[in-house]
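Engineer: Structure file entry.txt (compact mmCIF, C-alpha atoms) is given on the next line.
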# COMPACT_ATOMS: atom_id res chain seq x y z
CA MET E 227 109.77 81.07 112.92
CA ALA E 228 111.84 78.73 110.79
CA LEU E 229 113.38 79.24 107.42
CA THR E 230 111.35 78.35 104.36
CA LEU E 231 113.08 78.43 101.01
CA ARG E 232 110.86 77.23 98.20
CA VAL E 233 111.31 77.18 94.46
CA VAL E 234 108.01 77.10 92.62
CA ALA E 235 107.47 76.43 88.93
CA PRO E 236 107.02 79.60 86.82
CA LEU E 237 103.40 78.86 85.89
CA VAL E 238 102.64 78.90 89.61
CA ALA E 239 104.68 81.97 90.45
CA SER E 240 102.70 84.01 87.94
CA ARG E 241 99.65 83.64 90.18
CA MET E 242 101.44 84.91 93.27
CA ALA E 243 99.89 88.36 93.32
CA LYS E 244 96.36 86.96 93.61
CA THR E 245 96.95 84.10 96.03
CA TYR E 246 97.45 84.55 99.78
CA PRO E 247 98.70 83.27 102.07
CA ILE E 248 101.69 81.72 100.32
CA SER E 249 102.23 78.81 102.66
CA SER E 250 102.44 75.80 100.39
CA GLY E 251 102.49 74.72 96.79
CA GLU E 252 98.80 73.89 97.11
CA ALA E 253 97.98 77.49 98.06
CA LEU E 254 99.63 78.60 94.82
CA GLY E 255 97.69 76.15 92.69
CA SER E 256 100.49 73.61 92.43
CA GLU E 257 101.04 70.18 93.87
CA PRO E 258 102.74 70.30 97.28
CA LEU E 259 106.47 70.83 97.27
CA LEU E 260 108.54 67.91 98.45
CA PRO E 261 111.48 68.32 100.82
CA TYR E 262 114.66 68.46 98.79
CA LEU E 263 116.03 65.35 100.51
CA SER E 264 112.89 63.31 99.81
CA PRO E 265 113.62 60.19 97.74
CA GLU E 266 110.45 60.97 95.80
CA LEU E 267 111.87 64.22 94.44
CA ASN E 268 113.04 63.14 91.03
CA GLY E 269 112.03 63.29 87.37
CA ASP E 270 109.21 65.68 86.60
CA ARG E 271 108.68 66.41 90.30
CA LEU E 272 111.83 68.55 90.07
CA LEU E 273 109.95 70.88 87.72
CA VAL E 274 107.48 71.76 90.49
CA GLY E 275 110.17 72.96 92.87
CA ALA E 276 111.55 71.88 96.21
CA ASN E 277 111.40 72.74 99.88
CA PHE E 278 114.84 73.31 101.43
CA ALA E 279 113.51 74.37 104.84
CA SER E 280 114.85 73.32 108.20
CA ALA E 281 113.27 74.27 111.52
CA GLY E 282 115.38 75.92 114.18
CA ILE E 283 117.97 77.62 111.99
CA GLY E 284 118.64 81.31 111.66
CA ILE E 285 120.56 83.94 109.79
CA LEU E 286 123.56 83.20 112.01
CA ASN E 287 125.30 79.84 112.14
CA ASP E 288 125.31 79.85 115.95
CA THR E 289 121.52 80.08 116.10
CA GLY E 290 119.86 76.81 117.10
CA ILE E 291 123.01 75.24 118.54
CA GLN E 292 120.78 73.29 120.94
CA PHE E 293 119.27 71.38 118.02
CA ILE E 294 120.78 68.34 116.32
CA ASN E 295 120.80 67.70 112.56
CA ILE E 296 119.38 71.03 111.45
CA ILE E 297 120.28 72.23 107.97
CA ARG E 298 121.89 75.64 108.21
CA MET E 299 121.61 78.31 105.57
CA PHE E 300 124.95 77.66 103.88
CA ARG E 301 123.98 74.00 103.44
CA GLN E 302 120.54 74.91 102.12
CA PHE E 303 122.18 77.07 99.49
CA GLU E 304 124.41 74.13 98.57
CA TYR E 305 121.28 72.01 98.13
CA PHE E 306 119.69 74.78 96.07
CA GLN E 307 122.71 74.77 93.78
CA GLU E 308 122.66 70.98 93.63
CA TYR E 309 118.95 71.10 92.76
CA GLN E 310 119.73 73.33 89.79
CA GLY E 311 122.29 70.80 88.57
CA ARG E 312 119.71 68.03 88.76
CA LEU E 313 117.22 70.25 86.95
CA ALA E 314 119.78 70.96 84.22
CA ASN E 315 120.33 67.23 83.75
CA LEU E 316 116.59 66.89 83.20
CA VAL E 317 115.85 69.83 80.88
CA GLY E 318 119.20 71.29 79.89
CA THR E 319 121.24 74.12 81.39
CA THR E 320 119.54 77.00 79.57
CA GLU E 321 116.03 75.83 80.43
CA ALA E 322 117.03 75.16 84.04
CA GLN E 323 118.37 78.69 84.38
CA ARG E 324 115.16 80.08 82.90
CA ILE E 325 112.99 78.06 85.30
CA VAL E 326 114.94 79.23 88.34
CA SER E 327 115.00 82.87 87.23
CA GLU E 328 111.24 82.89 86.65
CA ALA E 329 110.38 80.89 89.77
CA LEU E 330 109.18 82.20 93.11
CA VAL E 331 111.61 81.75 95.97
CA LEU E 332 110.25 82.21 99.48
CA ILE E 333 112.68 82.79 102.34
CA THR E 334 111.66 83.20 105.96
CA VAL E 335 114.42 83.53 108.54
CA GLY E 336 115.27 85.76 111.48
CA GLY E 337 112.89 84.91 114.31
CA ASN E 338 115.07 82.09 115.59
CA ASP E 339 118.01 84.47 115.85
CA PHE E 340 116.10 86.06 118.71
CA VAL E 341 114.25 83.22 120.45
CA ASN E 342 116.91 80.56 119.89
CA ASN E 343 119.95 82.78 120.24
CA TYR E 344 119.86 86.29 121.70
CA PHE E 345 117.04 85.59 124.19
CA LEU E 346 117.59 81.85 124.52
CA VAL E 347 119.10 82.13 127.99
CA PRO E 348 119.79 85.09 130.30
CA PHE E 349 123.11 86.72 129.48
CA SER E 350 123.54 84.73 126.28
CA ALA E 351 126.78 85.15 124.36
CA ARG E 352 125.13 87.35 121.74
CA SER E 353 123.35 89.51 124.34
CA ARG E 354 126.70 90.12 126.03
CA GLN E 355 128.29 90.93 122.68
CA PHE E 356 125.57 93.27 121.37
CA SER E 357 122.88 95.59 122.63
CA LEU E 358 119.57 94.68 121.01
CA PRO E 359 119.64 97.54 118.45
CA ASP E 360 123.22 96.66 117.49
CA TYR E 361 122.32 92.98 117.23
CA VAL E 362 119.44 93.78 114.88
CA ARG E 363 121.75 95.84 112.67
CA TYR E 364 124.21 92.95 112.63
CA LEU E 365 121.47 90.48 111.66
CA ILE E 366 120.30 92.73 108.84
CA SER E 367 123.85 93.01 107.47
CA GLU E 368 124.22 89.22 107.55
CA TYR E 369 120.78 88.72 106.00
CA ARG E 370 121.81 90.95 103.11
CA LYS E 371 124.68 88.55 102.40
CA LEU E 372 122.24 85.63 102.28
CA LEU E 373 119.98 87.45 99.84
CA MET E 374 122.93 88.33 97.63
CA ARG E 375 123.91 84.67 97.62
CA LEU E 376 120.40 83.78 96.43
CA TYR E 377 120.78 86.33 93.66
CA GLU E 378 124.16 84.87 92.68
CA LEU E 379 122.49 81.45 92.48
CA GLY E 380 120.02 82.76 89.92
CA ALA E 381 116.94 83.70 91.97
CA ARG E 382 115.16 86.73 90.54
CA LYS E 383 111.74 86.63 92.24
CA VAL E 384 112.28 86.35 95.99
CA LEU E 385 109.60 86.89 98.62
CA VAL E 386 111.23 87.81 101.93
CA THR E 387 109.11 87.60 105.06
CA GLY E 388 109.94 89.37 108.28
CA THR E 389 109.28 88.03 111.75
CA GLY E 390 105.81 87.79 113.20
CA PRO E 391 104.96 89.18 116.66
CA LEU E 392 107.65 87.14 118.42
CA GLY E 393 106.51 87.92 121.94
CA CYS E 394 103.00 86.62 121.29
CA VAL E 395 104.01 83.12 120.19
CA PRO E 396 102.40 80.56 122.58
CA ALA E 397 105.72 78.99 123.55
CA GLU E 398 107.17 82.38 124.44
CA LEU E 399 104.03 83.40 126.33
CA ALA E 400 104.30 80.23 128.40
CA MET E 401 107.93 80.91 129.29
CA ARG E 402 108.00 84.69 129.62
CA SER E 403 104.54 86.01 130.41
CA PRO E 404 102.89 85.12 133.73
CA ASN E 405 100.00 87.50 132.98
CA GLY E 406 99.37 86.42 129.38
CA GLN E 407 100.69 89.61 127.84
CA CYS E 408 103.04 89.43 124.87
CA ALA E 409 106.70 89.42 125.91
CA ALA E 410 107.86 93.02 125.64
CA GLU E 411 111.51 92.47 124.70
CA LEU E 412 110.68 90.04 121.91
CA GLN E 413 108.05 92.43 120.61
CA ARG E 414 110.65 95.18 120.68
CA ALA E 415 113.04 92.95 118.74
CA ALA E 416 110.47 92.33 116.01
CA GLY E 417 109.64 96.03 115.95
CA LEU E 418 113.29 96.86 115.31
CA PHE E 419 113.99 94.04 112.87
CA ASN E 420 111.09 94.29 110.42
CA PRO E 421 111.42 97.97 109.37
CA GLN E 422 115.17 97.60 108.93
CA LEU E 423 114.62 94.49 106.82
CA VAL E 424 112.33 96.45 104.49
CA GLN E 425 114.86 99.27 104.32
CA MET E 426 117.66 96.84 103.51
CA ILE E 427 115.61 95.14 100.79
CA ASN E 428 114.76 98.48 99.19
CA GLY E 429 118.44 99.41 99.17
CA LEU E 430 119.45 96.05 97.75
CA ASN E 431 116.92 96.31 94.94
CA SER E 432 118.19 99.81 94.19
CA ASP E 433 121.77 98.54 94.01
CA LEU E 434 120.71 95.71 91.69
CA GLY E 435 118.59 97.98 89.51
CA ALA E 436 115.59 95.63 89.72
CA ASN E 437 112.87 94.60 92.17
CA VAL E 438 114.28 91.14 92.81
CA PHE E 439 113.26 91.01 96.48
CA ILE E 440 109.77 91.68 97.82
CA ALA E 441 109.24 92.26 101.54
CA ALA E 442 106.17 90.73 103.19
CA ASN E 443 105.05 92.25 106.51
CA THR E 444 104.13 89.08 108.39
CA GLN E 445 103.91 90.92 111.70
CA GLN E 446 101.16 93.17 110.38
CA GLN E 447 99.44 90.24 108.68
CA THR E 448 99.39 88.33 111.96
CA ASN E 449 98.08 91.33 113.85
CA ASP E 450 95.35 91.79 111.25
CA PHE E 451 94.39 88.12 111.53
CA ILE E 452 94.13 88.38 115.32
CA SER E 453 92.12 91.60 115.25
CA ASN E 454 89.86 90.67 112.31
CA PRO E 455 89.91 86.89 111.65
CA GLY E 456 86.70 87.06 109.62
CA ALA E 457 88.54 88.89 106.85
CA PHE E 458 90.72 85.84 106.10
Kindly transcribe the structure held in the file into structure tokens.
Structural biologist:
Amino acid sequence: MALTLRVVAPLVASRMAKTYPISSGEALGSEPLLPYLSPELNGDRLLVGANFASAGIGILNDTGIQFINIIRMFRQFEYFQEYQGRLANLVGTTEAQRIVSEALVLITVGGNDFVNNYFLVPFSARSRQFSLPDYVRYLISEYRKLLMRLYELGARKVLVTGTGPLGCVPAELAMRSPNGQCAAELQRAAGLFNPQLVQMINGLNSDLGANVFIAANTQQQTNDFISNPGAF
């Protein structure tokens, strides 16, 4: 339930439709993506892409306040922009823009805004500010701003994953479920968030006049894996 923002070379992105799950550069037929801050990410390694992810962050800047040295979304976008400058120095501005526009960008964020914010403690600040349905609507509106920022930065092929079954995560089961059943409120949160995310993405694509953003139903994929693991 952490953000993953990956830029993958165009020759890899073209295989996306036939390769699942998309969890690493290796799964897409490419060498693994290095973290953007890795000292090894230079030269031709920049052409493969970069991993800007940071565990614990969310859509909102106040998510994950209990963690130290996490890289929040606004900073990840700054790194993404910086990456493009480094890429332009390597291959030229026009080619760098082409690479980014034809690359696959994967963004996964939202789950932490529930487990590490709204439901982090009883009577959290956000839970006192919003009812759960209103909080979900607020998250979706803020997520739309993040996706628009990605578009402004040149991304044109963006895979957006929703949250998995939040209440069934082992850590949440240990804290919230004495009988081993999935935590009902977190399940409700995911059930509210994911359909609205798809609706928002469809509306955003309509406004842009192109299918820039693709929604991936990770909750259903996880449920399918649990119910029929032999199919994977």
Engineer: With a distance cut-off of 9 Å and only C-alpha atoms, select the neighbouring residues of E:Asn342, excluding the residue or stretch itself and same-chain residues fewer than 4 positions from it, and output the selection as a VMD selection string.
Structural biologist: chain E and resid 282 to 284 289 to 292 337 to 338 346 to 347
Engineer: Could you pull the residues within 12 Å of stretch 425-433 of chain E, counting all atoms listed in the file, minus those fewer than 5 positions along the same chain, as a CSV table (one decimal) with C-alpha atoms, keeping the file's coordinate frame?
Structural biologist:
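Saved file out24.csv follows:
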chain,number,residue,atom,x,y,z
E,362,VAL,CA,119.4,93.8,114.9
E,363,ARG,CA,121.8,95.8,112.7
E,364,TYR,CA,124.2,93.0,112.6
E,365,LEU,CA,121.5,90.5,111.7
E,366,ILE,CA,120.3,92.7,108.8
E,367,SER,CA,123.8,93.0,107.5
E,368,GLU,CA,124.2,89.2,107.6
E,369,TYR,CA,120.8,88.7,106.0
E,370,ARG,CA,121.8,91.0,103.1
E,371,LYS,CA,124.7,88.6,102.4
E,372,LEU,CA,122.2,85.6,102.3
E,373,LEU,CA,120.0,87.4,99.8
E,374,MET,CA,122.9,88.3,97.6
E,377,TYR,CA,120.8,86.3,93.7
E,382,ARG,CA,115.2,86.7,90.5
E,383,LYS,CA,111.7,86.6,92.2
E,384,VAL,CA,112.3,86.4,96.0
E,385,LEU,CA,109.6,86.9,98.6
E,386,VAL,CA,111.2,87.8,101.9
E,387,THR,CA,109.1,87.6,105.1
E,388,GLY,CA,109.9,89.4,108.3
E,418,LEU,CA,113.3,96.9,115.3
E,419,PHE,CA,114.0,94.0,112.9
E,420,ASN,CA,111.1,94.3,110.4
E,438,VAL,CA,114.3,91.1,92.8
E,439,PHE,CA,113.3,91.0,96.5
E,440,ILE,CA,109.8,91.7,97.8
E,441,ALA,CA,109.2,92.3,101.5
E,442,ALA,CA,106.2,90.7,103.2
Engineer: Give me the residues near E:Arg271 as number ranges by chain, where near means some atom within 9 Å (using only C-alpha atoms) and where sequence neighbours in that chain fewer than 5 positions away do not count.
Structural biologist: E: 259-260, 266, 276
Engineer: Can you pull out the residues contacting E:Leu316? Cut-off 8 Å, using only C-alpha atoms, and skip same-chain residues under 3 positions away; I want them as a VMD selection string.
Structural biologist: chain E and resid 269 312 to 313
Engineer: What does the distance from atom CA of E:Ala409 to atom CA of E:Val424 come to in Å, to one decimal?
Structural biologist: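 Answer for the atom CA of E:Ala409 to atom CA of E:Val424 separation: 23.2 Å.
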Engineer: Which one is closest to E:Arg324: E:Leu358, E:Leu272, E:Ile294, E:Ala381? Count all atoms listed in the file.
Structural biologist: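 Of E:Leu358, E:Leu272, E:Ile294, E:Ala381, the one nearest E:Arg324, counting all atoms listed in the file, is E:Ala381.
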Engineer: Could you please determine the separation between atom CA of E:Glu398 and atom CA of E:Thr334 in Å, to one decimal place?
Structural biologist: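 So the two atoms, atom CA of E:Glu398 and atom CA of E:Thr334, lie 19.0 Å apart.
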Engineer: So what do you get for atom CA of E:Asn268 versus atom CA of E:Ala314, distance-wise?
Structural biologist: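 Spanning atom CA of E:Asn268 to atom CA of E:Ala314 is a straight-line distance of 12.4 Å.
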Engineer: Within 12 Å of E:Ala410, counting only C-alpha atoms, which residues qualify if same-chain residues fewer than 6 places away don't, as a VMD selection string?
Structural biologist: chain E and resid 345 391 to 395 398 to 399 402 to 403 416 to 417
Engineer: Please determine the residues with any atom at most 12 Å from (125.4, 77.9, 93.6) (coordinates as given in the file, with all atoms listed in the file counting) and report them as a ChimeraX atom specification.
Structural biologist: /E:300-311,323,326,374-381
Engineer: Which is closest to E:Asn277 among E:Gly390, E:Ala351, E:Leu332, E:Glu321, if we use only C-alpha atoms?
Structural biologist: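 Of E:Gly390, E:Ala351, E:Leu332, E:Glu321, the one nearest E:Asn277 is E:Leu332, counting only C-alpha atoms.
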Engineer: Taking N, CA, C and O atoms as the atom set, what does stretch 289-306 of chain E look like once completed, written as a PDB file, in the coordinates of the input?
Structural biologist:
ATOM      1  N   THR E 289     122.921  80.175 115.689  1.00  0.00           N
ATOM      2  CA  THR E 289     121.520  80.080 116.100  1.00  0.00           C
ATOM      3  C   THR E 289     121.060  78.622 116.033  1.00  0.00           C
ATOM      4  O   THR E 289     121.344  77.927 115.066  1.00  0.00           O
ATOM      5  N   GLY E 290     120.362  78.176 117.072  1.00  0.00           N
ATOM      6  CA  GLY E 290     119.860  76.810 117.100  1.00  0.00           C
ATOM      7  C   GLY E 290     120.898  75.788 117.457  1.00  0.00           C
ATOM      8  O   GLY E 290     120.756  74.605 117.117  1.00  0.00           O
ATOM      9  N   ILE E 291     121.943  76.195 118.202  1.00  0.00           N
ATOM     10  CA  ILE E 291     123.010  75.240 118.540  1.00  0.00           C
ATOM     11  C   ILE E 291     122.507  74.125 119.451  1.00  0.00           C
ATOM     12  O   ILE E 291     123.158  73.090 119.580  1.00  0.00           O
ATOM     13  N   GLN E 292     121.324  74.332 120.060  1.00  0.00           N
ATOM     14  CA  GLN E 292     120.780  73.290 120.940  1.00  0.00           C
ATOM     15  C   GLN E 292     120.099  72.180 120.158  1.00  0.00           C
ATOM     16  O   GLN E 292     119.737  71.148 120.727  1.00  0.00           O
ATOM     17  N   PHE E 293     119.935  72.377 118.847  1.00  0.00           N
ATOM     18  CA  PHE E 293     119.270  71.380 118.020  1.00  0.00           C
ATOM     19  C   PHE E 293     120.302  70.513 117.291  1.00  0.00           C
ATOM     20  O   PHE E 293     121.386  70.972 116.944  1.00  0.00           O
ATOM     21  N   ILE E 294     119.915  69.284 117.023  1.00  0.00           N
ATOM     22  CA  ILE E 294     120.780  68.340 116.320  1.00  0.00           C
ATOM     23  C   ILE E 294     120.243  68.137 114.897  1.00  0.00           C
ATOM     24  O   ILE E 294     119.042  68.074 114.680  1.00  0.00           O
ATOM     25  N   ASN E 295     121.153  68.039 113.950  1.00  0.00           N
ATOM     26  CA  ASN E 295     120.800  67.700 112.560  1.00  0.00           C
ATOM     27  C   ASN E 295     119.921  68.729 111.877  1.00  0.00           C
ATOM     28  O   ASN E 295     119.079  68.384 111.042  1.00  0.00           O
ATOM     29  N   ILE E 296     120.063  70.001 112.226  1.00  0.00           N
ATOM     30  CA  ILE E 296     119.380  71.030 111.450  1.00  0.00           C
ATOM     31  C   ILE E 296     120.236  71.394 110.245  1.00  0.00           C
ATOM     32  O   ILE E 296     121.448  71.178 110.245  1.00  0.00           O
ATOM     33  N   ILE E 297     119.588  71.912 109.220  1.00  0.00           N
ATOM     34  CA  ILE E 297     120.280  72.230 107.970  1.00  0.00           C
ATOM     35  C   ILE E 297     120.450  73.740 107.897  1.00  0.00           C
ATOM     36  O   ILE E 297     119.495  74.472 107.639  1.00  0.00           O
ATOM     37  N   ARG E 298     121.646  74.207 108.138  1.00  0.00           N
ATOM     38  CA  ARG E 298     121.890  75.640 108.210  1.00  0.00           C
ATOM     39  C   ARG E 298     121.867  76.275 106.818  1.00  0.00           C
ATOM     40  O   ARG E 298     121.876  75.603 105.800  1.00  0.00           O
ATOM     41  N   MET E 299     121.832  77.603 106.819  1.00  0.00           N
ATOM     42  CA  MET E 299     121.610  78.310 105.570  1.00  0.00           C
ATOM     43  C   MET E 299     122.661  77.978 104.511  1.00  0.00           C
ATOM     44  O   MET E 299     122.329  77.781 103.343  1.00  0.00           O
ATOM     45  N   PHE E 300     123.927  77.916 104.881  1.00  0.00           N
ATOM     46  CA  PHE E 300     124.950  77.660 103.880  1.00  0.00           C
ATOM     47  C   PHE E 300     124.725  76.300 103.220  1.00  0.00           C
ATOM     48  O   PHE E 300     124.954  76.143 102.017  1.00  0.00           O
ATOM     49  N   ARG E 301     124.243  75.331 103.994  1.00  0.00           N
ATOM     50  CA  ARG E 301     123.980  74.000 103.440  1.00  0.00           C
ATOM     51  C   ARG E 301     122.734  74.027 102.568  1.00  0.00           C
ATOM     52  O   ARG E 301     122.693  73.357 101.524  1.00  0.00           O
ATOM     53  N   GLN E 302     121.738  74.805 102.951  1.00  0.00           N
ATOM     54  CA  GLN E 302     120.540  74.910 102.120  1.00  0.00           C
ATOM     55  C   GLN E 302     120.869  75.516 100.764  1.00  0.00           C
ATOM     56  O   GLN E 302     120.328  75.106  99.739  1.00  0.00           O
ATOM     57  N   PHE E 303     121.767  76.496 100.761  1.00  0.00           N
ATOM     58  CA  PHE E 303     122.180  77.070  99.490  1.00  0.00           C
ATOM     59  C   PHE E 303     122.951  76.052  98.650  1.00  0.00           C
ATOM     60  O   PHE E 303     122.849  76.042  97.421  1.00  0.00           O
ATOM     61  N   GLU E 304     123.725  75.208  99.302  1.00  0.00           N
ATOM     62  CA  GLU E 304     124.410  74.130  98.570  1.00  0.00           C
ATOM     63  C   GLU E 304     123.388  73.182  97.945  1.00  0.00           C
ATOM     64  O   GLU E 304     123.557  72.745  96.795  1.00  0.00           O
ATOM     65  N   TYR E 305     122.341  72.867  98.680  1.00  0.00           N
ATOM     66  CA  TYR E 305     121.280  72.010  98.130  1.00  0.00           C
ATOM     67  C   TYR E 305     120.559  72.720  96.985  1.00  0.00           C
ATOM     68  O   TYR E 305     120.177  72.086  95.996  1.00  0.00           O
ATOM     69  N   PHE E 306     120.345  74.004  97.123  1.00  0.00           N
ATOM     70  CA  PHE E 306     119.690  74.780  96.070  1.00  0.00           C
ATOM     71  C   PHE E 306     120.518  74.726  94.787  1.00  0.00           C
ATOM     72  O   PHE E 306     119.989  74.557  93.685  1.00  0.00           O
TER      73      PHE E 306
END
